[in-house]
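Trainee: Sending over coords_25.pdb (PDB, C-alpha atoms and all ligand atoms).
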```pdb
ATOM      1  CA  MET W 223      12.862   6.450  48.721
ATOM      2  CA  GLU W 224      10.925   5.081  45.800
ATOM      3  CA  LYS W 225      12.294   2.244  43.736
ATOM      4  CA  LEU W 226      12.686   2.213  39.977
ATOM      5  CA  SER W 227      12.911  -1.135  38.176
ATOM      6  CA  ILE W 228      14.377  -1.152  34.705
ATOM      7  CA  ILE W 229      13.629  -4.239  32.659
ATOM      8  CA  VAL W 230      15.830  -5.002  29.689
ATOM      9  CA  PRO W 231      15.262  -8.054  27.493
ATOM     10  CA  CYS W 232      18.450  -9.004  25.641
ATOM     11  CA  TYR W 233      19.104 -11.526  22.923
ATOM     12  CA  ASN W 234      22.636 -11.729  21.511
ATOM     13  CA  GLU W 235      23.515  -8.201  22.561
ATOM     14  CA  GLU W 236      27.156  -8.526  23.679
ATOM     15  CA  LYS W 237      28.099  -5.513  21.570
ATOM     16  CA  VAL W 238      25.753  -3.035  23.169
ATOM     17  CA  ILE W 239      25.121  -4.136  26.719
ATOM     18  CA  ASN W 240      28.024  -2.266  28.348
ATOM     19  CA  LEU W 241      27.205   0.904  26.472
ATOM     20  CA  PHE W 242      23.589   0.575  27.542
ATOM     21  CA  TYR W 243      24.605   0.233  31.162
ATOM     22  CA  GLU W 244      26.901   3.279  31.059
ATOM     23  CA  GLU W 245      24.314   5.519  29.416
ATOM     24  CA  THR W 246      21.522   4.408  31.714
ATOM     25  CA  LYS W 247      23.684   4.713  34.815
ATOM     26  CA  LYS W 248      24.407   8.339  33.936
ATOM     27  CA  VAL W 249      20.698   9.062  33.978
ATOM     28  CA  LEU W 250      20.092   7.088  37.167
ATOM     29  CA  ASP W 251      22.854   8.989  38.931
ATOM     30  CA  LYS W 252      20.965  12.217  38.265
ATOM     31  CA  ILE W 253      17.973  10.992  40.232
ATOM     32  CA  LYS W 254      19.735   8.956  42.894
ATOM     33  CA  GLU W 255      18.569  11.283  45.675
ATOM     34  CA  LYS W 256      14.989  10.307  45.027
ATOM     35  CA  TYR W 257      15.053   6.881  43.478
ATOM     36  CA  GLU W 258      16.780   3.622  44.218
ATOM     37  CA  TYR W 259      17.006   1.386  41.204
ATOM     38  CA  GLU W 260      17.334  -2.173  39.994
ATOM     39  CA  ILE W 261      18.250  -3.095  36.440
ATOM     40  CA  ILE W 262      16.858  -6.494  35.523
ATOM     41  CA  PHE W 263      18.598  -7.946  32.493
ATOM     42  CA  ILE W 264      16.823 -10.849  30.863
ATOM     43  CA  ASP W 265      19.139 -13.025  28.876
ATOM     44  CA  ASP W 266      16.766 -14.563  26.369
ATOM     45  CA  GLY W 267      18.904 -17.605  25.562
ATOM     46  CA  SER W 268      21.703 -15.610  23.952
ATOM     47  CA  LYS W 269      24.327 -17.611  22.102
ATOM     48  CA  ASP W 270      27.084 -15.019  22.432
ATOM     49  CA  LYS W 271      28.789 -13.479  25.461
ATOM     50  CA  THR W 272      25.729 -11.496  26.597
ATOM     51  CA  LEU W 273      25.339 -13.409  29.868
ATOM     52  CA  ASP W 274      29.032 -13.065  30.746
ATOM     53  CA  LYS W 275      28.834  -9.329  30.161
ATOM     54  CA  MET W 276      25.785  -9.127  32.387
ATOM     55  CA  LYS W 277      27.619 -10.989  35.136
ATOM     56  CA  MET W 278      30.550  -8.589  34.850
ATOM     57  CA  LEU W 279      28.210  -5.652  35.315
ATOM     58  CA  ARG W 280      26.645  -7.396  38.275
ATOM     59  CA  ASN W 281      30.033  -7.847  39.949
ATOM     60  CA  ASN W 282      30.444  -4.077  40.043
ATOM     61  CA  ASP W 283      26.859  -3.158  40.789
ATOM     62  CA  LYS W 284      24.593  -5.161  43.078
ATOM     63  CA  ASN W 285      21.557  -3.357  41.685
ATOM     64  CA  VAL W 286      21.998  -5.340  38.491
ATOM     65  CA  LYS W 287      19.846  -8.458  38.494
ATOM     66  CA  ILE W 288      19.974 -11.226  35.929
ATOM     67  CA  ILE W 289      17.414 -13.703  34.718
ATOM     68  CA  SER W 290      18.762 -16.146  32.186
ATOM     69  CA  PHE W 291      16.411 -18.291  30.102
ATOM     70  CA  SER W 292      17.181 -21.884  29.176
ATOM     71  CA  ARG W 293      16.660 -21.002  25.504
ATOM     72  CA  ASN W 294      15.311 -18.183  23.345
ATOM     73  CA  PHE W 295      11.687 -17.597  24.371
ATOM     74  CA  GLY W 296      11.185 -14.262  22.605
ATOM     75  CA  LYS W 297      10.948 -10.686  23.793
ATOM     76  CA  GLU W 298       7.374 -11.030  25.050
ATOM     77  CA  ALA W 299       8.427 -13.781  27.448
ATOM     78  CA  GLY W 300      11.364 -11.623  28.534
ATOM     79  CA  ILE W 301       9.034  -8.739  29.299
ATOM     80  CA  TYR W 302       6.753 -11.015  31.337
ATOM     81  CA  ALA W 303       9.645 -12.462  33.316
ATOM     82  CA  GLY W 304      11.012  -8.995  34.009
ATOM     83  CA  LEU W 305       7.675  -7.620  35.130
ATOM     84  CA  SER W 306       6.965 -10.587  37.406
ATOM     85  CA  ASN W 307      10.359 -10.292  39.069
ATOM     86  CA  SER W 308      10.431  -6.522  39.453
ATOM     87  CA  ILE W 309       9.815  -4.919  42.830
ATOM     88  CA  GLY W 310       9.888  -1.219  41.921
ATOM     89  CA  ASP W 311       7.106   1.302  42.516
ATOM     90  CA  LEU W 312       7.848   2.460  39.004
ATOM     91  CA  VAL W 313       8.812   0.021  36.287
ATOM     92  CA  VAL W 314      10.546   0.914  33.038
ATOM     93  CA  LEU W 315      10.640  -1.372  30.043
ATOM     94  CA  MET W 316      13.344  -0.708  27.485
ATOM     95  CA  ASP W 317      15.457  -2.181  24.680
ATOM     96  CA  VAL W 318      19.150  -2.622  25.196
ATOM     97  CA  ASP W 319      20.228  -1.281  21.792
ATOM     98  CA  LEU W 320      19.856   2.383  22.859
ATOM     99  CA  GLN W 321      17.048   2.922  20.374
ATOM    100  CA  HIS W 322      15.259   3.852  23.562
ATOM    101  CA  ASP W 323      17.165   6.873  24.838
ATOM    102  CA  PRO W 324      17.747   6.520  28.607
ATOM    103  CA  LYS W 325      17.474  10.316  29.015
ATOM    104  CA  VAL W 326      13.751  10.035  28.339
ATOM    105  CA  ILE W 327      13.427   8.340  31.751
ATOM    106  CA  LEU W 328      13.649  11.807  33.300
ATOM    107  CA  GLU W 329      10.750  13.061  31.182
ATOM    108  CA  MET W 330       8.819   9.941  32.067
ATOM    109  CA  ILE W 331       9.248  10.629  35.756
ATOM    110  CA  ASP W 332       7.893  14.145  35.143
ATOM    111  CA  GLY W 333       4.872  12.603  33.462
ATOM    112  CA  ILE W 334       4.271  10.256  36.393
ATOM    113  CA  ASN W 335       4.548  13.209  38.777
ATOM    114  CA  GLN W 336       1.894  14.991  36.718
ATOM    115  CA  GLY W 337      -0.413  12.129  37.629
ATOM    116  CA  TYR W 338      -0.186   9.783  34.661
ATOM    117  CA  ASP W 339      -0.118   6.042  35.364
ATOM    118  CA  THR W 340       1.904   5.174  32.289
ATOM    119  CA  VAL W 341       4.288   7.243  30.213
ATOM    120  CA  THR W 342       5.398   5.863  26.894
ATOM    121  CA  THR W 343       7.097   7.056  23.726
ATOM    122  CA  LYS W 344       5.907   7.459  20.194
ATOM    123  CA  LYS W 345       8.114   7.740  17.129
ATOM    124  CA  ILE W 346       7.436  10.806  15.008
ATOM    125  CA  ASP W 347       9.395   9.409  12.057
ATOM    126  CA  ARG W 348      10.763   6.108  10.870
ATOM    127  CA  LYS W 349      14.174   7.298   9.820
ATOM    128  CA  GLY W 350      16.763   4.569   9.276
ATOM    129  CA  GLU W 351      14.213   1.809   9.140
ATOM    130  CA  PRO W 352      14.001  -0.516   6.131
ATOM    131  CA  ILE W 353      11.242   0.705   3.793
ATOM    132  CA  PHE W 354       9.418  -2.601   3.747
ATOM    133  CA  LYS W 355       9.264  -2.510   7.515
ATOM    134  CA  SER W 356       7.667   0.916   7.705
ATOM    135  CA  ILE W 357       5.160   0.241   4.904
ATOM    136  CA  PHE W 358       4.253  -3.063   6.456
ATOM    137  CA  SER W 359       3.910  -1.520   9.860
ATOM    138  CA  LYS W 360       1.640   1.265   8.584
ATOM    139  CA  MET W 361      -0.612  -1.305   6.923
ATOM    140  CA  PHE W 362      -0.651  -3.353  10.092
ATOM    141  CA  TYR W 363      -1.784  -0.463  12.286
ATOM    142  CA  LYS W 364      -4.498   0.494   9.796
ATOM    143  CA  LEU W 365      -5.810  -3.059   9.749
ATOM    144  CA  MET W 366      -5.561  -3.369  13.528
ATOM    145  CA  ARG W 367      -7.560  -0.207  14.102
ATOM    146  CA  LYS W 368     -10.282  -1.458  11.752
ATOM    147  CA  LEU W 369     -10.484  -4.914  13.289
ATOM    148  CA  VAL W 370      -9.686  -4.489  16.938
ATOM    149  CA  ASN W 371     -11.471  -2.444  19.521
ATOM    150  CA  ILE W 372      -8.392  -1.241  21.305
ATOM    151  CA  ASP W 373      -6.497   1.927  20.630
ATOM    152  CA  LEU W 374      -3.153   0.987  19.088
ATOM    153  CA  VAL W 375      -1.141   4.138  18.473
ATOM    154  CA  GLN W 376       0.953   4.284  15.293
ATOM    155  CA  GLY W 377       4.633   4.529  16.169
ATOM    156  CA  ALA W 378       4.132   3.675  19.842
ATOM    157  CA  GLN W 379       7.183   1.909  21.209
ATOM    158  CA  ASP W 380       7.682  -0.725  23.861
ATOM    159  CA  TYR W 381       9.572   1.898  25.860
ATOM    160  CA  ARG W 382       7.435   2.782  28.852
ATOM    161  CA  MET W 383       7.321   3.658  32.518
ATOM    162  CA  MET W 384       4.465   2.251  34.544
ATOM    163  CA  LYS W 385       3.188   2.538  38.074
ATOM    164  CA  ARG W 386       3.010  -0.674  40.070
ATOM    165  CA  LYS W 387      -0.776  -0.946  39.632
ATOM    166  CA  VAL W 388      -0.383  -0.966  35.835
ATOM    167  CA  VAL W 389       2.271  -3.686  36.071
ATOM    168  CA  ASP W 390      -0.033  -5.785  38.261
ATOM    169  CA  ALA W 391      -2.822  -5.333  35.738
ATOM    170  CA  ILE W 392      -0.561  -6.471  32.907
ATOM    171  CA  LEU W 393       0.587  -9.493  34.891
ATOM    172  CA  SER W 394      -3.017 -10.436  35.603
ATOM    173  CA  LEU W 395      -3.418 -11.224  31.912
ATOM    174  CA  GLU W 396      -1.857 -14.636  32.030
ATOM    175  CA  GLU W 397      -2.296 -15.678  28.420
ATOM    176  CA  TYR W 398       0.443 -17.676  26.775
ATOM    177  CA  ASN W 399       0.252 -15.907  23.413
ATOM    178  CA  ARG W 400       1.334 -12.462  24.504
ATOM    179  CA  PHE W 401       0.967  -9.496  22.219
ATOM    180  CA  SER W 402       2.310  -6.812  24.531
ATOM    181  CA  LYS W 403       1.398  -3.800  22.419
ATOM    182  CA  GLY W 404      -2.217  -4.918  22.632
ATOM    183  CA  ILE W 405      -2.049  -5.890  26.287
ATOM    184  CA  PHE W 406      -0.582  -2.513  27.298
ATOM    185  CA  SER W 407      -3.365  -0.715  25.563
ATOM    186  CA  TRP W 408      -6.065  -3.159  26.692
ATOM    187  CA  VAL W 409      -5.425  -2.572  30.414
ATOM    188  CA  GLY W 410      -6.183   1.125  29.996
ATOM    189  CA  PHE W 411      -5.138   3.713  32.660
ATOM    190  CA  ASN W 412      -4.037   7.305  31.958
ATOM    191  CA  VAL W 413      -1.317   7.210  29.351
ATOM    192  CA  LEU W 414       0.987  10.036  28.334
ATOM    193  CA  TYR W 415       2.796   9.795  24.993
ATOM    194  CA  ILE W 416       6.149  11.525  24.628
ATOM    195  CA  GLU W 417       7.160  12.120  21.031
ATOM    196  CA  VAL W 418      10.678  10.995  20.160
ATOM    197  CA  GLU W 419      12.757  10.738  17.030
ATOM    198  CA  ASN W 420      13.494   7.305  15.676
ATOM    199  CA  LYS W 421      17.016   6.197  16.567
ATOM    200  CA  GLU W 422      19.101   3.524  14.924
ATOM    201  CA  ARG W 423      20.506   0.821  17.130
ATOM    202  CA  VAL W 424      24.071   1.576  18.225
ATOM    203  CA  ASP W 425      25.505  -1.778  17.249
ATOM    204  CA  GLY W 426      24.515  -5.365  16.522
ATOM    205  CA  ASN W 427      21.523  -6.376  14.409
ATOM    206  CA  SER W 428      17.779  -6.186  14.722
ATOM    207  CA  LYS W 429      16.371  -9.604  15.540
ATOM    208  CA  TRP W 430      13.349  -9.178  13.320
ATOM    209  CA  SER W 431      13.114 -10.866   9.963
ATOM    210  CA  PHE W 432      10.245 -10.204   7.578
ATOM    211  CA  SER W 433       8.611 -13.563   8.295
ATOM    212  CA  GLN W 434       8.768 -12.840  12.016
ATOM    213  CA  LEU W 435       7.047  -9.522  11.441
ATOM    214  CA  VAL W 436       4.270 -11.267   9.509
ATOM    215  CA  LYS W 437       3.920 -13.788  12.325
ATOM    216  CA  TYR W 438       3.822 -10.960  14.841
ATOM    217  CA  ALA W 439       1.075  -9.214  12.882
ATOM    218  CA  ILE W 440      -1.040 -12.374  12.737
ATOM    219  CA  GLU W 441      -0.388 -12.878  16.436
ATOM    220  CA  GLY W 442      -1.565  -9.338  17.153
ATOM    221  CA  ILE W 443      -4.780  -9.678  15.217
ATOM    222  CA  THR W 444      -5.749 -13.140  16.424
ATOM    223  CA  SER W 445      -4.898 -12.337  20.047
ATOM    224  CA  PHE W 446      -7.269  -9.430  20.195
ATOM    225  CA  THR W 447     -10.131 -10.020  17.841
ATOM    226  CA  THR W 448     -12.196 -12.848  16.471
ATOM    227  CA  SER W 449     -13.520 -10.805  13.555
ATOM    228  CA  PRO W 450     -11.485 -12.724  10.915
ATOM    229  CA  LEU W 451     -13.701 -15.698  11.789
ATOM    230  CA  LYS W 452     -16.647 -13.706  10.510
ATOM    231  CA  ILE W 453     -15.099 -13.363   7.066
ATOM    232  CA  SER W 454     -16.130 -16.921   6.225
ATOM    233  CA  ILE W 455     -19.707 -16.313   7.345
ATOM    234  CA  ILE W 456     -19.992 -13.145   5.252
ATOM    235  CA  LEU W 457     -18.342 -14.652   2.174
ATOM    236  CA  GLY W 458     -20.356 -17.845   2.557
ATOM    237  CA  PHE W 459     -23.539 -15.806   2.673
ATOM    238  CA  ILE W 460     -22.659 -13.738  -0.404
ATOM    239  CA  ILE W 461     -21.652 -16.802  -2.390
ATOM    240  CA  SER W 462     -24.819 -18.679  -1.458
ATOM    241  CA  ILE W 463     -26.962 -15.772  -2.706
ATOM    242  CA  LEU W 464     -24.936 -15.613  -5.939
ATOM    243  CA  ALA W 465     -25.273 -19.384  -6.361
ATOM    244  CA  ILE W 466     -29.061 -19.209  -5.963
ATOM    245  CA  ILE W 467     -29.312 -16.403  -8.540
ATOM    246  CA  PHE W 468     -27.036 -18.316 -10.910
ATOM    247  CA  GLY W 469     -29.068 -21.495 -10.415
ATOM    248  CA  ILE W 470     -32.334 -19.721 -11.226
ATOM    249  CA  MET W 471     -30.732 -18.204 -14.335
ATOM    250  CA  ILE W 472     -29.658 -21.647 -15.554
ATOM    251  CA  ILE W 473     -33.126 -23.122 -14.985
ATOM    252  CA  ILE W 474     -34.762 -20.282 -16.913
ATOM    253  CA  GLN W 475     -32.163 -20.583 -19.663
ATOM    254  CA  THR W 476     -32.779 -24.340 -19.959
ATOM    255  CA  ILE W 477     -36.548 -23.854 -20.118
ATOM    256  CA  ILE W 478     -36.293 -21.219 -22.845
ATOM    257  CA  TYR W 479     -33.333 -22.467 -24.950
ATOM    258  CA  GLY W 480     -33.255 -26.150 -24.099
ATOM    259  CA  LYS W 481     -30.246 -28.131 -22.871
ATOM    260  CA  ASP W 482     -26.904 -26.380 -23.060
ATOM    261  CA  THR W 483     -23.802 -28.589 -22.672
ATOM    262  CA  PRO W 484     -20.906 -26.075 -22.718
ATOM    263  CA  GLY W 485     -20.287 -24.618 -19.276
ATOM    264  CA  TYR W 486     -16.786 -25.774 -18.540
ATOM    265  CA  ALA W 487     -15.399 -22.314 -17.790
ATOM    266  CA  SER W 488     -18.100 -21.310 -15.344
ATOM    267  CA  THR W 489     -17.985 -24.674 -13.547
ATOM    268  CA  ILE W 490     -14.242 -24.609 -13.080
ATOM    269  CA  THR W 491     -14.315 -20.977 -11.920
ATOM    270  CA  ALA W 492     -16.972 -21.704  -9.341
ATOM    271  CA  ILE W 493     -15.127 -24.755  -8.018
ATOM    272  CA  LEU W 494     -11.830 -22.908  -7.712
ATOM    273  CA  PHE W 495     -13.417 -19.856  -6.132
ATOM    274  CA  ILE W 496     -15.327 -21.782  -3.512
ATOM    275  CA  GLY W 497     -12.364 -24.092  -2.886
ATOM    276  CA  GLY W 498     -10.157 -21.073  -2.270
ATOM    277  CA  ILE W 499     -12.571 -19.540   0.159
ATOM    278  CA  GLN W 500     -12.990 -22.808   2.020
ATOM    279  CA  LEU W 501      -9.249 -23.160   2.445
ATOM    280  CA  LEU W 502      -8.966 -19.552   3.582
ATOM    281  CA  SER W 503     -11.684 -20.046   6.174
ATOM    282  CA  ILE W 504     -10.153 -23.267   7.439
ATOM    283  CA  GLY W 505      -6.822 -21.446   7.667
ATOM    284  CA  ILE W 506      -8.295 -18.675   9.784
ATOM    285  CA  LEU W 507     -10.093 -21.203  11.950
ATOM    286  CA  SER W 508      -6.925 -23.199  12.540
ATOM    287  CA  GLU W 509      -5.128 -20.061  13.616
ATOM    288  CA  TYR W 510      -7.564 -19.752  16.503
ATOM    289  CA  VAL W 511      -7.682 -23.470  17.221
ATOM    290  CA  SER W 512      -3.892 -23.572  17.486
ATOM    291  CA  LYS W 513      -4.020 -20.616  19.878
ATOM    292  CA  MET W 514      -6.532 -22.436  22.049
ATOM    293  CA  TYR W 515      -4.349 -25.536  21.912
ATOM    294  CA  MET W 516      -1.325 -23.622  23.169
ATOM    295  CA  GLU W 517      -3.349 -21.868  25.887
ATOM    296  CA  ILE W 518      -4.943 -25.104  27.118
ATOM    297  CA  LYS W 519      -1.559 -26.745  27.611
ATOM    298  CA  LYS W 520      -0.719 -24.045  30.149
ATOM    299  CA  ARG W 521       2.975 -24.329  29.522
ATOM    300  CA  PRO W 522       5.251 -21.885  31.317
ATOM    301  CA  LYS W 523       5.996 -18.769  29.275
ATOM    302  CA  TYR W 524       9.693 -19.185  29.949
ATOM    303  CA  ILE W 525      12.128 -21.426  31.796
ATOM    304  CA  ILE W 526      14.814 -19.902  33.972
ATOM    305  CA  LYS W 527      18.259 -21.450  33.780
ATOM    306  CA  ASP W 528      20.038 -19.024  36.063
ATOM    307  CA  LYS W 529      18.965 -16.177  38.279
ATOM    308  CA  ILE W 530      20.949 -13.602  40.179
ATOM    309  CA  ASP W 531      19.061 -11.147  42.366
TER     310      ASP W 531
HETATM  311  N1  LIG D   1      14.963  -9.337  22.101
HETATM  312  C1  LIG D   1      14.782 -10.395  22.988
HETATM  313  N2  LIG D   1      14.456 -11.637  22.493
HETATM  314  C2  LIG D   1      14.307 -11.872  21.158
HETATM  315  C3  LIG D   1      14.460 -10.770  20.272
HETATM  316  C4  LIG D   1      14.798  -9.529  20.765
HETATM  317  O1  LIG D   1      14.900 -10.232  24.206
HETATM  318  O2  LIG D   1      14.024 -13.003  20.773
HETATM  319  C5  LIG D   1      15.327  -7.995  22.631
HETATM  320  C6  LIG D   1      16.560  -7.375  21.996
HETATM  321  O3  LIG D   1      17.742  -7.813  22.625
HETATM  322  C7  LIG D   1      16.315  -5.897  22.195
HETATM  323  C8  LIG D   1      14.803  -5.793  22.072
HETATM  324  O4  LIG D   1      14.289  -7.099  22.313
HETATM  325  O5  LIG D   1      16.700  -5.434  23.478
HETATM  326  C9  LIG D   1      14.365  -5.288  20.707
HETATM  327  O6  LIG D   1      14.915  -6.103  19.711
HETATM  328  P1  LIG D   1      15.420  -5.532  18.310
HETATM  329  O7  LIG D   1      16.300  -4.341  18.520
HETATM  330  O8  LIG D   1      16.001  -6.691  17.584
HETATM  331  O9  LIG D   1      14.041  -5.121  17.646
HETATM  332  P2  LIG D   1      13.719  -3.779  16.824
HETATM  333  O10 LIG D   1      14.227  -2.631  17.644
HETATM  334  O11 LIG D   1      14.426  -3.915  15.529
HETATM  335  O12 LIG D   1      12.231  -3.790  16.706
HETATM  336 MG    MG D   2      16.084  -2.351  18.305
END
```
What does this structure look like when you write it as structure tokens?
Ligand code: UDP
Ligand code: MG
Mentor:
Amino acid sequence: MEKLSIIVPCYNEEKVINLFYEETKKVLDKIKEKYEYEIIFIDDGSKDKTLDKMKMLRNNDKNVKIISFSRNFGKEAGIYAGLSNSIGDLVVLMDVDLQHDPKVILEMIDGINQGYDTVTTKKIDRKGEPIFKSIFSKMFYKLMRKLVNIDLVQGAQDYRMMKRKVVDAILSLEEYNRFSKGIFSWVGFNVLYIEVENKERVDGNSKWSFSQLVKYAIEGITSFTTSPLKISIILGFIISILAIIFGIMIIIQTIIYGKDTPGYASTITAILFIGGIQLLSIGILSEYVSKMYMEIKKRPKYIIKDKID
């Protein structure tokens, strides 16, 4: 028998976790002749009864495993912990809020049997999502495709089934700043996309605020490309050329018309413009320096408080 590992990061999800288990169990029962399973719940420092609910599920089903973090480390850390602790030949990554329909697991298995190494889902619409989120996300993907040399698919979800070799490849990228969407695509392999409709979460709230989304976008760009660093070189070059032309113009003007005292507006504009660009460049630079700082410290990506397996 082959083994299927299902990894589920959870943060304050007491309202949905039982429902998730029931729905997923129904699907797993359909394939129980062929696949054993383990469901690895990662409690990402939840402040509600999430961990208790997980333990209750575990009492009735020994295939439920629990990893509980000492505090909230974020979904990326949860994914990493789940992947490193999974033992399945096939590994599924999914959200607990049932936005990722467990029934799709069956289609994913079909895809794997057709010879794909990874099967993942792609939203065909963004129904029920806040407008700002979908506009922002569209802009983000556009920018990413321009800047980064990896193929990020618009609407691709973190819902995926992977063969063991893909999981090992993902785990071999040990960076601290983890941008999973990029990492999944960076490792390559044959990927099949299944198109799904966007679903609203069954209960509870999305953990993403707008500022977190902005942070996530910056994280994505700076984790995978250094091209923003080139902006300062290009702008610096353009401005230097303009400054030389302007300088020559002033010299010629002075020779022809004599000394010209007014010039307040142009001076102030130049100072502000160049000051702005310098600050922008330093900002971009510090983004990378801070990344290097965090990587160099080699801190653990998560700390486990409790583990049941
Ligand atoms: N999640 C997590 N840690 C966090 C935030 C979220 O483990 O710090 C989990 C959450 O419990 C859910 C999944 O990540 O299973 C997706 O989160 P959410 O539904 O809030 O994101 P959205 O679907 O709105 O993108
Ligand atoms: Mg969700």
Trainee: Applied to this file, what does the PyMOL selection byres (((chain W and resi 447) around 10) and not hetatm) return in terms of residues, put as a list in words?
Mentor: Met366, Leu369, Val370, Asn371, Ile372, Gly442, Ile443, Thr444, Ser445, Phe446, Thr448, Ser449, Pro450 and Leu451 of chain W
Trainee: Got time to write the residues from that selection, C-alpha atoms, as a PDB file, in the coordinates of the input?
Mentor:
```
ATOM      1  CA  MET W 366      -5.561  -3.369  13.528  1.00  0.00           C
ATOM      2  CA  LEU W 369     -10.484  -4.914  13.289  1.00  0.00           C
ATOM      3  CA  VAL W 370      -9.686  -4.489  16.938  1.00  0.00           C
ATOM      4  CA  ASN W 371     -11.471  -2.444  19.521  1.00  0.00           C
ATOM      5  CA  ILE W 372      -8.392  -1.241  21.305  1.00  0.00           C
ATOM      6  CA  GLY W 442      -1.565  -9.338  17.153  1.00  0.00           C
ATOM      7  CA  ILE W 443      -4.780  -9.678  15.217  1.00  0.00           C
ATOM      8  CA  THR W 444      -5.749 -13.140  16.424  1.00  0.00           C
ATOM      9  CA  SER W 445      -4.898 -12.337  20.047  1.00  0.00           C
ATOM     10  CA  PHE W 446      -7.269  -9.430  20.195  1.00  0.00           C
ATOM     11  CA  THR W 448     -12.196 -12.848  16.471  1.00  0.00           C
ATOM     12  CA  SER W 449     -13.520 -10.805  13.555  1.00  0.00           C
ATOM     13  CA  PRO W 450     -11.485 -12.724  10.915  1.00  0.00           C
ATOM     14  CA  LEU W 451     -13.701 -15.698  11.789  1.00  0.00           C
TER      15      LEU W 451
END
```
Trainee: Compile the contact shell of segment 374-385 of chain W as a list in words: residues with an atom at most 6 Å away, counting all atoms listed in the file, same-chain residues fewer than 2 positions apart removed.
Mentor: Leu312, Val313, Val314, Leu315, Met316, Asp339, Thr340, Val341, Thr342, Thr343, Lys344, Lys345, Lys387 and Val388 of chain W
Trainee: Would you list the residues that come within 10 Å of ligand MG 2 (chain D)? Count only C-alpha atoms and all ligand atoms and give the answer as a ChimeraX atom specification.
Mentor: /W:316-322,421-430
Trainee: Of the candidates W:Glu396, W:Glu509, W:Asp531, W:Glu298, which shows the shortest atom-to-atom distance to ligand LIG 1 (chain D), using only C-alpha atoms and all ligand atoms?
Mentor: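 Checking each of W:Glu396, W:Glu509, W:Asp531, W:Glu298 against ligand LIG 1 (chain D), counting only C-alpha atoms and all ligand atoms, the winner is W:Glu298.
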Trainee: Skipping near chain neighbours, those fewer than 6 positions away, what residues fall within 10 Å of Tyr398 of chain W using only C-alpha atoms, listed as a list in words?
Mentor: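 In the requested form, the answer reads Glu298, Ala299, Lys513, Met514, Met516, Glu517, Ile518, Lys519, Lys520, Arg521, Pro522, Lys523 and Tyr524 of chain W.
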Trainee: Given the file shown, determine the residues that the PyMOL selection byres (((chain W and resi 360) around 12) and not hetatm) selects; report them as a list in words.
Mentor: Asp347, Arg348, Ile353, Phe354, Lys355, Ser356, Ile357, Phe358, Ser359, Met361, Phe362, Tyr363, Lys364, Leu365, Met366, Arg367, Leu374, Val375, Gln376, Gly377, Ala378 and Ala439 of chain W
Trainee: Provide the atom O8 of ligand LIG 1 (chain D) to atom CA of Ile440 of chain W distance in Å, to one decimal place.
Mentor: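 Result for atom O8 of ligand LIG 1 (chain D) versus atom CA of Ile440 of chain W: 18.6 Å, one decimal.
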Trainee: Give the padded box for segment 248-259 of chain W as AutoDock Vina command-line options: axis-aligned, covering all atoms listed in the file, 5 Å on each side, centre and edge lengths in Å to one decimal.
Mentor:
```
--center_x 19.7 --center_y 6.8 --center_z 39.8 --size_x 19.4 --size_y 20.8 --size_z 21.7
```
Trainee: For ligand LIG 1 (chain D), which of W:Gly404, W:Gly458, W:Gly337, W:Gly296 is the closest residue, counting all atoms listed in the file?
Mentor: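 Closest to ligand LIG 1 (chain D) of all the choices is W:Gly296.
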Trainee: For segment 279-289 of chain W, find every residue with an atom within 7 Å (counting all atoms listed in the file), except residues of its own chain fewer than 5 positions away, and show them as a tab-separated table (two decimals) with C-alpha atoms, in the coordinates of the input.
Mentor:
```tsv
chain	number	residue	atom	x	y	z
W	259	TYR	CA	17.01	1.39	41.20
W	260	GLU	CA	17.33	-2.17	39.99
W	261	ILE	CA	18.25	-3.10	36.44
W	262	ILE	CA	16.86	-6.49	35.52
W	263	PHE	CA	18.60	-7.95	32.49
W	264	ILE	CA	16.82	-10.85	30.86
W	265	ASP	CA	19.14	-13.02	28.88
W	526	ILE	CA	14.81	-19.90	33.97
W	528	ASP	CA	20.04	-19.02	36.06
W	529	LYS	CA	18.96	-16.18	38.28
W	530	ILE	CA	20.95	-13.60	40.18
W	531	ASP	CA	19.06	-11.15	42.37
```
Trainee: Pull out segment 415-421 of chain W, keep N, CA and C atoms, and write it as a PDB file, in the first residue's frame.
Mentor:
```pdb
ATOM      1  N   TYR W 415      -2.112  21.299 -13.770  1.00  0.00           N
ATOM      2  CA  TYR W 415      -3.010  22.243 -13.103  1.00  0.00           C
ATOM      3  C   TYR W 415      -4.459  21.803 -13.307  1.00  0.00           C
ATOM      4  N   ILE W 416      -5.181  21.653 -12.217  1.00  0.00           N
ATOM      5  CA  ILE W 416      -6.608  21.358 -12.306  1.00  0.00           C
ATOM      6  C   ILE W 416      -7.345  22.664 -12.058  1.00  0.00           C
ATOM      7  N   GLU W 417      -8.291  22.989 -12.927  1.00  0.00           N
ATOM      8  CA  GLU W 417      -9.007  24.253 -12.729  1.00  0.00           C
ATOM      9  C   GLU W 417     -10.164  24.065 -11.759  1.00  0.00           C
ATOM     10  N   VAL W 418     -10.248  24.936 -10.768  1.00  0.00           N
ATOM     11  CA  VAL W 418     -11.325  24.843  -9.783  1.00  0.00           C
ATOM     12  C   VAL W 418     -11.984  26.204  -9.618  1.00  0.00           C
ATOM     13  N   GLU W 419     -13.221  26.174  -9.104  1.00  0.00           N
ATOM     14  CA  GLU W 419     -13.877  27.435  -8.803  1.00  0.00           C
ATOM     15  C   GLU W 419     -13.404  27.938  -7.451  1.00  0.00           C
ATOM     16  N   ASN W 420     -13.394  29.240  -7.292  1.00  0.00           N
ATOM     17  CA  ASN W 420     -13.011  29.796  -6.004  1.00  0.00           C
ATOM     18  C   ASN W 420     -14.103  29.497  -4.979  1.00  0.00           C
ATOM     19  N   LYS W 421     -13.702  29.043  -3.802  1.00  0.00           N
ATOM     20  CA  LYS W 421     -14.698  28.767  -2.760  1.00  0.00           C
ATOM     21  C   LYS W 421     -14.462  29.693  -1.581  1.00  0.00           C
TER      22      LYS W 421
END
```
